[in-house]
$ cat model.txt   # compact mmCIF, C-alpha atoms
# COMPACT_ATOMS: atom_id res chain seq x y z
CA MET M 1 104.01 94.19 142.86
CA ASN M 2 101.77 95.78 140.22
CA GLN M 3 98.44 94.79 138.68
CA ALA M 4 100.03 92.15 136.48
CA GLY M 5 101.84 90.59 139.44
CA ILE M 6 105.17 91.73 138.07
CA SER M 7 107.63 92.88 140.71
CA GLU M 8 109.96 95.85 140.50
CA GLU M 9 112.86 93.43 140.90
CA GLU M 10 111.77 91.47 137.85
CA ILE M 11 111.56 94.67 135.84
CA ALA M 12 114.93 95.86 137.10
CA ALA M 13 116.47 92.55 136.12
CA ILE M 14 115.54 92.75 132.47
CA TYR M 15 115.56 96.55 132.09
CA PRO M 16 119.22 96.89 130.98
CA LYS M 17 118.77 94.44 128.10
CA VAL M 18 115.39 95.88 127.09
CA ALA M 19 116.75 99.42 127.20
CA ALA M 20 119.81 98.49 125.13
CA THR M 21 117.63 96.71 122.55
CA MET M 22 115.28 99.67 122.30
CA ALA M 23 118.13 102.17 122.07
CA ASP M 24 119.57 100.16 119.16
CA ALA M 25 116.20 100.14 117.40
CA LEU M 26 115.67 103.85 117.91
CA GLY M 27 119.24 104.79 117.10
CA CYS M 28 119.49 106.80 120.30
CA ASP M 29 122.03 106.89 123.13
CA LEU M 30 121.49 104.48 125.99
CA GLU M 31 121.82 107.47 128.34
CA LYS M 32 118.52 108.82 126.99
CA MET M 33 116.70 105.70 128.10
CA ASN M 34 114.96 105.42 131.44
CA PRO M 35 112.06 103.25 132.54
CA GLY M 36 109.55 106.10 132.37
CA ALA M 37 110.65 107.48 128.97
CA ARG M 38 107.74 107.64 126.51
CA LEU M 39 108.57 106.07 123.19
CA ILE M 40 106.90 108.63 120.98
CA ASP M 41 107.10 111.89 122.91
CA ASP M 42 110.45 111.39 124.64
CA LEU M 43 112.36 109.06 122.34
CA GLY M 44 110.92 110.14 118.97
CA ALA M 45 109.65 106.69 117.95
CA GLU M 46 107.65 106.28 114.74
CA SER M 47 105.23 103.42 114.13
CA ILE M 48 107.88 101.38 112.26
CA ASP M 49 110.07 101.63 115.37
CA PHE M 50 107.42 99.76 117.36
CA LEU M 51 107.64 96.87 114.89
CA ASP M 52 111.42 97.02 114.98
CA ILE M 53 111.49 97.00 118.79
CA VAL M 54 109.09 94.08 119.04
CA PHE M 55 111.09 91.99 116.55
CA ARG M 56 114.37 92.83 118.28
CA LEU M 57 112.93 91.97 121.70
CA GLU M 58 111.68 88.68 120.27
CA ARG M 59 115.18 87.84 119.10
CA THR M 60 116.88 89.03 122.29
CA PHE M 61 114.58 87.25 124.72
CA LYS M 62 113.52 84.35 122.46
CA VAL M 63 109.83 85.04 123.02
CA LYS M 64 107.00 85.48 120.55
CA ILE M 65 105.19 88.79 120.87
CA PRO M 66 102.06 88.92 118.72
CA ARG M 67 101.45 92.31 117.16
CA GLY M 68 98.82 94.41 118.97
CA LYS M 69 99.27 92.25 122.07
CA ILE M 70 99.46 95.11 124.57
CA ILE M 71 96.04 96.50 123.72
CA GLU M 72 94.55 93.03 123.45
CA GLU M 73 95.94 92.07 126.87
CA ALA M 74 94.84 95.38 128.36
CA ARG M 75 91.29 94.62 127.23
CA GLY M 76 91.43 91.27 129.03
CA ASP M 77 88.00 89.72 129.41
CA LEU M 78 86.19 92.92 128.42
CA SER M 79 84.44 92.56 125.11
CA GLU M 80 85.63 94.86 122.33
CA ALA M 81 82.33 96.74 122.56
CA ASP M 82 82.79 97.24 126.31
CA PHE M 83 86.39 98.36 125.83
CA GLU M 84 85.89 100.92 123.07
CA LYS M 85 83.17 102.49 120.99
CA SER M 86 83.94 103.97 117.56
CA GLY M 87 87.63 104.04 118.36
CA ILE M 88 87.23 105.82 121.73
CA LEU M 89 87.82 104.03 125.02
CA THR M 90 84.74 103.56 127.17
CA GLU M 91 84.85 104.46 130.85
CA ALA M 92 85.32 100.79 131.70
CA GLY M 93 87.98 100.51 129.01
CA LEU M 94 89.88 103.45 130.43
CA VAL M 95 89.78 102.01 133.96
CA ARG M 96 91.06 98.69 132.61
CA LEU M 97 93.82 100.38 130.62
CA LYS M 98 95.00 102.48 133.59
CA SER M 99 95.18 99.36 135.71
CA PHE M 100 97.01 97.42 133.01
CA LEU M 101 99.47 100.23 132.30
CA SER M 102 100.02 100.87 136.00
CA GLU M 103 103.57 102.11 135.33
CA ILE M 104 102.17 105.18 133.57
CA PRO M 105 101.19 108.21 135.69
CA ALA M 106 97.42 108.71 135.80
CA ASP M 107 97.61 112.27 134.50
CA ARG M 108 98.92 111.03 131.14
CA PHE M 109 95.58 109.30 130.39
CA LYS M 110 93.56 112.04 128.76
CA THR M 111 89.82 111.71 128.23
CA PRO M 112 88.39 110.96 125.81
CA LEU M 113 91.20 108.62 124.76
CA LYS M 114 91.31 107.18 121.26
CA VAL M 115 92.49 103.59 120.86
CA SER M 116 94.91 104.86 118.21
CA GLU M 117 96.50 107.12 120.85
CA ILE M 118 97.26 104.32 123.31
CA PRO M 119 100.78 103.67 121.90
CA ARG M 120 101.62 107.29 122.75
CA LEU M 121 101.41 106.28 126.42
CA PHE M 122 103.88 103.41 126.17
CA THR M 123 107.13 103.69 128.07
CA VAL M 124 110.27 101.60 128.20
CA GLU M 125 108.84 99.91 131.30
CA THR M 126 105.71 98.97 129.34
CA PHE M 127 107.93 96.87 127.07
CA CYS M 128 109.77 95.34 130.06
CA LYS M 129 106.41 94.15 131.37
CA MET M 130 105.39 92.87 127.96
CA VAL M 131 108.54 90.76 127.72
CA LEU M 132 108.06 89.42 131.24
CA ARG M 133 104.46 88.43 130.50
CA GLN M 134 105.51 86.62 127.34
CA GLN M 135 108.35 84.90 129.17
CA ARG M 136 105.91 83.70 131.80
CA ALA M 137 103.50 82.49 129.14
CA ALA M 138 106.32 80.58 127.50
CA GLY M 139 107.75 79.41 130.83
CA THR M 140 111.10 81.04 130.11
CA ALA M 141 111.16 83.85 132.71
CA GLY M 142 114.61 84.63 134.02
CA GLY M 143 116.28 87.06 131.67
CA PRO M 144 117.57 87.27 128.15
CA ALA M 145 118.49 84.18 126.23
CA PRO M 146 122.18 83.36 126.16
CA ALA M 147 124.00 84.90 123.21
CA MET H 1 101.43 103.92 77.91
CA SER H 2 100.21 104.41 81.48
CA PRO H 3 103.07 104.48 84.01
CA HIS H 4 101.01 102.32 86.36
CA PHE H 5 102.72 98.90 86.64
CA GLN H 6 105.38 100.19 84.22
CA ALA H 7 107.51 103.02 85.57
CA PHE H 8 108.56 101.31 88.81
CA SER H 9 107.46 97.70 88.50
CA PHE H 10 110.08 94.97 88.47
CA VAL H 11 108.27 91.65 88.18
CA ASP H 12 107.19 90.49 84.71
CA HIS H 13 106.21 86.93 85.54
CA ILE H 14 105.28 84.93 88.62
CA ASP H 15 106.46 81.36 88.16
CA SER H 16 105.27 79.56 91.28
CA GLY H 17 104.38 79.88 94.92
CA GLN H 18 101.80 79.63 97.64
CA PRO H 19 100.14 82.90 98.75
CA GLY H 20 101.76 84.19 101.92
CA VAL H 21 104.32 81.37 101.99
CA ASP H 22 106.75 81.59 99.10
CA ILE H 23 107.01 82.83 95.54
CA THR H 24 109.36 82.76 92.57
CA GLY H 25 109.31 85.00 89.53
CA ARG H 26 111.32 86.77 86.86
CA TYR H 27 112.17 90.22 85.65
CA THR H 28 114.01 91.10 82.46
CA VAL H 29 116.06 94.25 82.86
CA PRO H 30 115.29 96.32 79.75
CA ALA H 31 118.28 96.30 77.40
CA ALA H 32 117.85 100.02 76.74
CA VAL H 33 118.49 101.21 80.31
CA SER H 34 121.96 102.52 81.10
CA GLU H 35 122.21 100.72 84.45
CA PHE H 36 120.21 98.71 86.94
CA SER H 37 121.43 99.27 90.46
CA ALA H 38 121.59 96.79 93.34
CA SER H 39 118.88 98.85 95.04
CA LEU H 40 116.53 98.19 92.14
CA VAL H 41 117.30 94.47 92.34
CA ALA H 42 116.36 94.63 96.04
CA GLU H 43 113.19 96.46 95.02
CA ALA H 44 112.37 93.67 92.56
CA VAL H 45 112.70 91.03 95.30
CA GLY H 46 110.54 93.13 97.62
CA GLN H 47 107.90 93.58 94.92
CA LEU H 48 107.81 89.83 94.27
CA ALA H 49 107.33 89.21 98.00
CA ALA H 50 104.59 91.87 98.02
CA TRP H 51 102.63 89.96 95.33
CA SER H 52 102.64 86.82 97.49
CA ILE H 53 101.64 88.81 100.56
CA MET H 54 98.89 90.80 98.83
CA SER H 55 97.40 87.69 97.26
CA ALA H 56 97.31 86.06 100.73
CA LYS H 57 95.39 89.09 102.00
CA SER H 58 92.94 89.16 99.05
CA PHE H 59 94.57 92.45 97.95
CA ALA H 60 92.92 94.31 100.85
CA ARG H 61 96.25 94.88 102.58
CA ARG H 62 99.71 95.44 101.23
CA PRO H 63 103.22 95.64 102.69
CA LEU H 64 105.39 98.72 102.49
CA ALA H 65 109.12 99.11 102.87
CA GLY H 66 110.18 99.33 106.49
CA ILE H 67 113.23 97.47 107.69
CA ALA H 68 115.82 95.21 106.12
CA GLY H 69 118.00 93.39 108.62
CA ARG H 70 120.70 92.53 106.11
CA ILE H 71 121.17 92.87 102.35
CA GLU H 72 124.13 91.16 100.75
CA LEU H 73 125.23 92.78 97.51
CA LEU H 74 126.92 89.95 95.64
CA ALA H 75 127.25 90.97 92.00
CA GLY H 76 126.13 93.57 89.51
CA VAL H 77 123.40 93.21 86.91
CA ARG H 78 123.68 94.22 83.26
CA PRO H 79 120.88 95.64 81.11
CA GLY H 80 119.19 92.84 79.21
CA GLN H 81 119.82 90.20 81.87
CA ILE H 82 116.98 88.14 83.29
CA LEU H 83 116.64 88.23 87.06
CA ASP H 84 115.38 85.08 88.76
CA LEU H 85 113.63 86.25 91.90
CA ALA H 86 112.54 84.34 94.99
CA ALA H 87 111.04 85.21 98.36
CA GLU H 88 109.92 83.32 101.44
CA ILE H 89 107.44 84.78 103.87
CA GLU H 90 108.54 84.07 107.45
CA SER H 91 105.53 85.55 109.23
CA LEU H 92 102.48 87.50 108.17
CA ASP H 93 99.56 89.13 109.95
CA ASP H 94 97.51 92.29 109.41
CA VAL H 95 100.14 94.46 111.09
CA ALA H 96 103.46 93.30 109.68
CA VAL H 97 105.23 90.85 107.42
CA VAL H 98 108.70 89.37 107.73
CA TYR H 99 110.29 87.90 104.65
CA ARG H 100 113.61 87.05 103.04
CA GLY H 101 114.51 86.82 99.40
CA ALA H 102 117.16 86.55 96.75
CA ALA H 103 117.88 87.29 93.11
CA SER H 104 120.24 85.72 90.62
CA ALA H 105 121.14 86.49 87.02
CA ASP H 106 122.35 83.79 84.64
CA GLY H 107 122.67 81.48 87.62
CA ILE H 108 124.92 83.86 89.57
CA PRO H 109 123.53 85.13 92.90
CA VAL H 110 123.34 88.94 92.83
CA ILE H 111 121.54 89.82 96.05
CA ARG H 112 120.22 88.25 99.25
CA LEU H 113 117.83 89.91 101.65
CA TYR H 114 117.33 88.75 105.23
CA HIS H 115 114.84 89.70 107.92
CA CYS H 116 112.91 92.28 105.95
CA ILE H 117 110.00 93.72 107.93
CA GLY H 118 107.20 95.58 106.21
CA PRO H 119 104.27 97.27 107.89
CA MET H 120 100.93 96.15 106.43
CA MET H 121 98.59 98.91 105.26
CA ALA H 122 95.19 99.12 103.59
CA SER H 123 95.88 98.67 99.86
CA GLU H 124 93.17 101.10 98.84
CA GLN H 125 95.17 103.99 100.32
CA PHE H 126 97.84 103.42 97.70
CA ASP H 127 96.30 101.68 94.71
CA ASP H 128 93.12 100.17 93.31
CA PRO H 129 92.83 96.70 94.92
CA LEU H 130 90.98 95.37 91.88
CA ALA H 131 93.77 96.59 89.57
CA LEU H 132 96.30 94.87 91.83
CA GLN H 133 94.37 91.61 91.65
CA GLU H 134 94.12 91.81 87.86
CA ARG H 135 97.83 92.52 87.62
CA PHE H 136 98.61 89.54 89.84
CA GLU H 137 96.50 87.30 87.62
CA LEU H 138 98.29 88.59 84.53
CA LEU H 139 101.73 88.06 86.10
CA SER H 140 100.73 84.58 87.25
CA GLY H 141 99.44 83.71 83.78
CA SER H 142 101.02 84.91 80.57
CA GLY H 143 103.17 87.56 82.26
CA THR H 144 103.82 90.99 80.82
CA ALA H 145 105.87 92.42 78.00
CA VAL H 146 109.45 93.38 78.77
CA GLY H 147 110.54 96.98 78.84
CA GLY H 148 108.14 99.09 80.90
CA PHE H 149 110.90 100.64 82.97
CA SER H 150 113.17 103.33 81.59
CA ASP H 151 116.09 105.08 83.25
CA LEU H 152 115.44 106.97 86.45
CA PRO H 153 115.97 110.71 86.54
CA TYR H 154 119.39 111.84 87.77
CA PHE H 155 119.32 112.50 91.51
CA LEU H 156 121.84 115.07 92.66
CA LEU H 157 123.49 114.73 96.06
CA GLU H 158 124.82 118.19 96.84
CA VAL H 159 127.68 117.83 99.31
CA ARG H 160 127.49 120.58 101.92
CA ARG H 161 130.07 119.46 104.47
CA HIS H 162 133.02 117.14 104.07
CA VAL H 163 135.48 116.02 106.71
CA HIS H 164 138.01 114.03 104.70
CA GLY H 165 137.78 110.32 105.49
CA GLN H 166 135.36 110.89 108.35
CA SER H 167 132.01 112.28 107.30
CA LEU H 168 129.96 113.77 104.49
CA VAL H 169 126.72 115.74 104.66
CA ALA H 170 124.71 116.20 101.48
CA ASP H 171 121.40 117.74 100.56
CA PHE H 172 119.02 115.78 98.43
CA GLN H 173 115.92 117.24 96.84
CA VAL H 174 113.25 114.66 96.09
CA PRO H 175 111.72 115.61 92.72
CA ASP H 176 108.23 117.09 92.64
CA GLU H 177 107.32 114.92 89.70
CA ALA H 178 108.68 111.75 88.13
CA PRO H 179 107.08 108.86 86.25
CA PHE H 180 107.85 106.44 89.12
CA PHE H 181 105.57 108.41 91.44
CA MET H 182 102.60 107.37 89.28
CA ASP H 183 103.48 103.72 89.88
CA HIS H 184 104.72 104.08 93.46
CA PHE H 185 101.90 104.65 94.24
CA PRO H 186 99.00 105.79 92.04
CA ARG H 187 96.86 107.01 94.94
CA ARG H 188 99.68 108.20 97.19
CA PRO H 189 103.02 109.03 95.59
CA VAL H 190 105.92 108.06 97.85
CA PHE H 191 109.65 108.23 97.15
CA PRO H 192 110.73 104.57 97.12
CA GLY H 193 112.86 103.36 100.01
CA SER H 194 115.06 101.49 97.54
CA LEU H 195 115.96 104.77 95.83
CA LEU H 196 116.82 106.31 99.18
CA MET H 197 119.05 103.29 99.85
CA ASN H 198 120.71 103.93 96.50
CA GLN H 199 121.46 107.51 97.50
CA SER H 200 122.88 106.22 100.80
CA LEU H 201 125.11 103.74 98.95
CA ASP H 202 126.35 106.50 96.63
CA LEU H 203 127.20 108.74 99.57
CA ALA H 204 128.96 105.90 101.43
CA GLU H 205 131.10 105.11 98.37
CA LEU H 206 131.89 108.81 97.95
CA LEU H 207 133.13 108.99 101.54
CA ALA H 208 135.03 105.71 101.21
CA ALA H 209 136.87 107.11 98.18
CA ASP H 210 138.75 109.39 100.62
CA ILE H 211 140.49 106.34 102.03
CA PRO H 212 143.13 104.62 99.91
CA ALA H 213 142.16 101.06 98.99
CA PRO H 214 144.69 98.35 99.97
CA ALA H 215 145.96 98.08 96.37
CA LEU H 216 146.25 100.61 93.56
CA ASP H 217 143.98 98.66 91.23
CA GLU H 218 141.25 98.34 93.86
CA LYS H 219 138.42 100.54 95.07
CA TRP H 220 135.89 100.38 97.88
CA VAL H 221 132.61 98.75 96.88
CA ALA H 222 129.49 98.35 99.02
CA THR H 223 129.02 94.64 99.74
CA ARG H 224 126.53 94.57 102.61
CA VAL H 225 123.84 96.84 104.02
CA GLU H 226 122.47 96.21 107.50
CA ASP H 227 119.79 97.69 109.73
CA VAL H 228 118.15 99.53 106.86
CA LYS H 229 115.18 101.43 108.21
CA LEU H 230 112.71 103.74 106.55
CA ARG H 231 110.80 105.48 109.33
CA THR H 232 108.40 107.75 107.48
CA PHE H 233 106.84 108.21 104.06
CA ILE H 234 108.81 110.60 101.86
CA PRO H 235 106.45 112.56 99.63
CA PRO H 236 107.42 114.23 96.32
CA GLY H 237 109.29 117.51 96.65
CA GLU H 238 110.77 116.76 100.09
CA SER H 239 114.12 118.28 101.10
CA LEU H 240 116.36 115.72 102.78
CA GLU H 241 119.77 115.77 104.39
CA LEU H 242 121.98 112.68 104.22
CA GLU H 243 124.92 112.25 106.55
CA ALA H 244 127.52 109.52 106.10
CA GLN H 245 129.95 108.75 108.92
CA LEU H 246 132.84 106.34 108.84
CA THR H 247 132.44 104.13 111.90
CA GLU H 248 134.95 101.33 111.31
CA LEU H 249 138.16 101.15 109.34
CA GLU H 250 140.05 97.91 108.80
CA GLU H 251 142.63 96.96 106.22
CA TYR H 252 140.19 95.39 103.78
CA ALA H 253 136.83 96.68 105.04
CA LEU H 254 135.07 99.90 105.97
CA THR H 255 131.76 100.56 107.67
CA VAL H 256 129.78 103.72 106.99
CA VAL H 257 126.52 104.66 108.71
CA VAL H 258 124.22 106.86 106.67
CA GLU H 259 121.32 108.72 108.26
CA THR H 260 118.68 110.62 106.34
CA ARG H 261 116.96 113.52 108.05
CA ARG H 262 113.96 115.64 107.24
CA THR H 263 113.70 118.86 109.22
CA GLY H 264 116.12 117.43 111.75
CA ARG H 265 114.28 114.15 112.36
CA ILE H 266 115.76 110.85 111.24
CA THR H 267 113.75 109.50 108.30
CA GLY H 268 115.99 106.65 107.31
CA SER H 269 119.21 104.92 108.26
CA ALA H 270 121.51 102.19 107.03
CA GLN H 271 124.85 100.66 107.98
CA ILE H 272 126.92 99.99 104.89
CA SER H 273 129.93 97.69 104.73
CA LEU H 274 132.42 98.24 101.92
CA SER H 275 135.18 95.93 100.78
CA SER H 276 138.09 96.51 98.46
CA ARG H 277 137.55 95.08 95.00
CA ARG H 278 139.46 95.20 91.70
CA ARG H 279 138.40 98.17 89.59

$ encode --input "model.txt" --output "structure tokens"
Amino acid sequence: MNQAGISEEEIAAIYPKVAATMADALGCDLEKMNPGARLIDDLGAESIDFLDIVFRLERTFKVKIPRGKIIEEARGDLSEADFEKSGILTEAGLVRLKSFLSEIPADRFKTPLKVSEIPRLFTVETFCKMVLRQQRAAGTAGGPAPA
Amino acid sequence: MSPHFQAFSFVDHIDSGQPGVDITGRYTVPAAVSEFSASLVAEAVGQLAAWSIMSAKSFARRPLAGIAGRIELLAGVRPGQILDLAAEIESLDDVAVVYRGAASADGIPVIRLYHCIGPMMASEQFDDPLALQERFELLSGSGTAVGGFSDLPYFLLEVRRHVHGQSLVADFQVPDEAPFFMDHFPRRPVFPGSLLMNQSLDLAELLAADIPAPALDEKWVATRVEDVKLRTFIPPGESLELEAQLTELEEYALTVVVETRRTGRITGSAQISLSSRRR
């Protein structure tokens, strides 16, 4: 169980559908996907791909994913000023982010870390967790919507 | 005459609408142009949607071309025809917009766009926000004179590799200069996604011509484009490679996927369905 209270089993259950959706959006082979694959550095995602992935996940899982939600949720109850200053994460912000993105190895969090560089950290598993959180919020946890 | 709001602008009047919700408008295709492609009709619908979106964001943010889930190409448009344009905004925030739209000419539907997603950017990077606001007010009031657009330059697709009936690879050199760059956009010239889609349609039809149509008096015509995606800005002077691959072949329908690459990376993609139609 990680920081968000999401179990590995829950992630494993939705991973195949998330991976297939993301592979479609990125136009890459499903074989290239793995939970730890970084969207930008490993899968070649551009910023428009993030929008595409989010909209496709919304349709696949019938959840609403507000844009910028990951960073907003990572910040949690920290104020914006406590989370970042002039676009750079504060020490407290970095601790919060590492905890929130617990699926990402610690050595990938460079310091100082710009807020604009956070998406570079995101992996396929990050999006699995995002879908699970939104499903929980909507009370629809339990996998993709029926076709 | 300044090319701004002329060389690549396809709305002459905004008829009605609520900012960020819906909008209707018109565009008269200049009688003097030799053709007005389906891609330009799609551009006109997108530009109309953009006016609604920009006005909802007080012209501080604007949408750019990103993704089109599905575009149905229903009929051609002749020079001199008046396009009736409409768009509905499905969702809008500071990051992205989702909209759908349609165009008809003389009461006949010519195009429908579904699930179009545009990233939202700061308008001032591309244009003068005040000029955009003034233009919106003009379009919403008296409208503008017809005829600002003239024919596009000829874009050569140089076929480099051809596997009959299977695939085509062509080089495409984006021009260094063209009037449309001064309108799209004045502060940051970008090759329009609609023109890239046009090149993709041309290449798909070229590949489809390898395959005999079901009847002698028929030919393959693009009727639907899906999963259109423009992943990066294409600046003037860029060298691109387009690759078309036949992915499905049925008696009366073909599917061709076209990918555009820049230095090996995919810049754009589209899945094009073609149907047999009388010549």

$ interface_residues --input "model.txt" --of "chain H" --to "chain M" --cutoff "8 Å" --atoms "all atoms listed in the file" --output "VMD selection string"
chain H and resid 66 to 67 95 to 96 117 119 230 to 232

$ atom_distance --input "model.txt" --atom1 "CA of Tyr114 in chain H" --atom2 "CA of Ala137 in chain M"
28.3 Å

$ atom_distance --input "model.txt" --atom1 "CA of Asp128 in chain H" --atom2 "CA of Pro63 in chain H"
14.5 Å

$ closest_residue --input "model.txt" --among "H:Val257, H:Gly25, H:Val225, H:Val190" --to "Val169 in chain H" --atoms "all atoms listed in the file"
H:Val257

$ atom_distance --input "model.txt" --atom1 "CA of Lys219 in chain H" --atom2 "CA of Leu249 in chain H"
14.3 Å

$ residues_around --input "model.txt" --residues "Gly46 in chain H" --least-positions-apart "4" --cutoff "9 Å" --atoms "all atoms listed in the file" --output "ChimeraX atom specification"
/H:41-42,50-51,65,87,99-101,113,116

$ residues_around --input "model.txt" --residues "range 75-92 of chain M" --least-positions-apart "2" --cutoff "6 Å" --atoms "all atoms listed in the file" --output "VMD selection string"
chain M and resid 72 to 73 94 to 95 113 to 115

$ closest_residue --input "model.txt" --among "H:Gln166, H:Ser200, H:Thr223, H:Ser123" --to "Val110 in chain H" --atoms "all atoms listed in the file"
H:Thr223

$ axis_aligned_box --input "model.txt" --around "range 188-193 of chain H" --padding-each-side "4 Å" --output "lines of an AutoDock Vina configuration file"
center_x = 106.3
center_y = 106.2
center_z = 97.8
size_x = 21.2
size_y = 13.7
size_z = 12.4

$ residues_near_point --input "model.txt" --point "(121.5, 117.8, 104.3)" --cutoff "6 Å" --atoms "only C-alpha atoms" --output "VMD selection string"
chain H and resid 169 to 171 240 to 242

$ write_last_selection --input "model.txt" --atoms "C-alpha atoms" --output "CSV table (one decimal), keeping the file's coordinate frame"
chain,number,residue,atom,x,y,z
H,169,VAL,CA,126.7,115.7,104.7
H,170,ALA,CA,124.7,116.2,101.5
H,171,ASP,CA,121.4,117.7,100.6
H,240,LEU,CA,116.4,115.7,102.8
H,241,GLU,CA,119.8,115.8,104.4
H,242,LEU,CA,122.0,112.7,104.2

$ closest_residue --input "model.txt" --among "M:Pro112, M:Ile70, M:Phe61, M:Met22" --to "Arg38 in chain M" --atoms "all atoms listed in the file"
M:Met22

$ residues_near_point --input "model.txt" --point "(118.7, 107.0, 131.7)" --cutoff "12 Å" --atoms "all atoms listed in the file" --output "ChimeraX atom specification"
/M:15-16,19-20,23,28-37,42-43,124

$ closest_residue --input "model.txt" --among "M:Ile11, M:Ile71, M:Arg133, M:Lys64" --to "Lys98 in chain M" --atoms "all atoms listed in the file"
M:Ile71

$ residues_around --input "model.txt" --residues "Thr255 in chain H" --least-positions-apart "4" --cutoff "7 Å" --atoms "only C-alpha atoms" --output "list in words"
Leu246, Thr247, Glu248, Leu249, Gln271, Ile272, Ser273 and Leu274 of chain H

$ write_last_selection --input "model.txt" --atoms "C-alpha atoms" --output "PDB file, in the frame of the given file"
ATOM      1  CA  LEU H 246     132.840 106.340 108.840  1.00  0.00           C
ATOM      2  CA  THR H 247     132.440 104.130 111.900  1.00  0.00           C
ATOM      3  CA  GLU H 248     134.950 101.330 111.310  1.00  0.00           C
ATOM      4  CA  LEU H 249     138.160 101.150 109.340  1.00  0.00           C
ATOM      5  CA  GLN H 271     124.850 100.660 107.980  1.00  0.00           C
ATOM      6  CA  ILE H 272     126.920  99.990 104.890  1.00  0.00           C
ATOM      7  CA  SER H 273     129.930  97.690 104.730  1.00  0.00           C
ATOM      8  CA  LEU H 274     132.420  98.240 101.920  1.00  0.00           C
TER       9      LEU H 274
END

$ closest_residue --input "model.txt" --among "H:Val21, H:Gly80, H:Glu158, H:Ser104" --to "Leu92 in chain H" --atoms "only C-alpha atoms"
H:Val21

$ residues_around --input "model.txt" --residues "Leu48 in chain H" --least-positions-apart "4" --cutoff "9 Å" --atoms "only C-alpha atoms" --output "MDAnalysis selection string"
chainID H and resid 10:11 14 23:26 43:44 52:53 85:87 101

$ residues_around --input "model.txt" --residues "Phe8 in chain H" --least-positions-apart "3" --cutoff "10 Å" --atoms "all atoms listed in the file" --output "PyMOL selection string"
chain H and resi 3-5+11+40+43-44+47+148-150+152+179-185+192
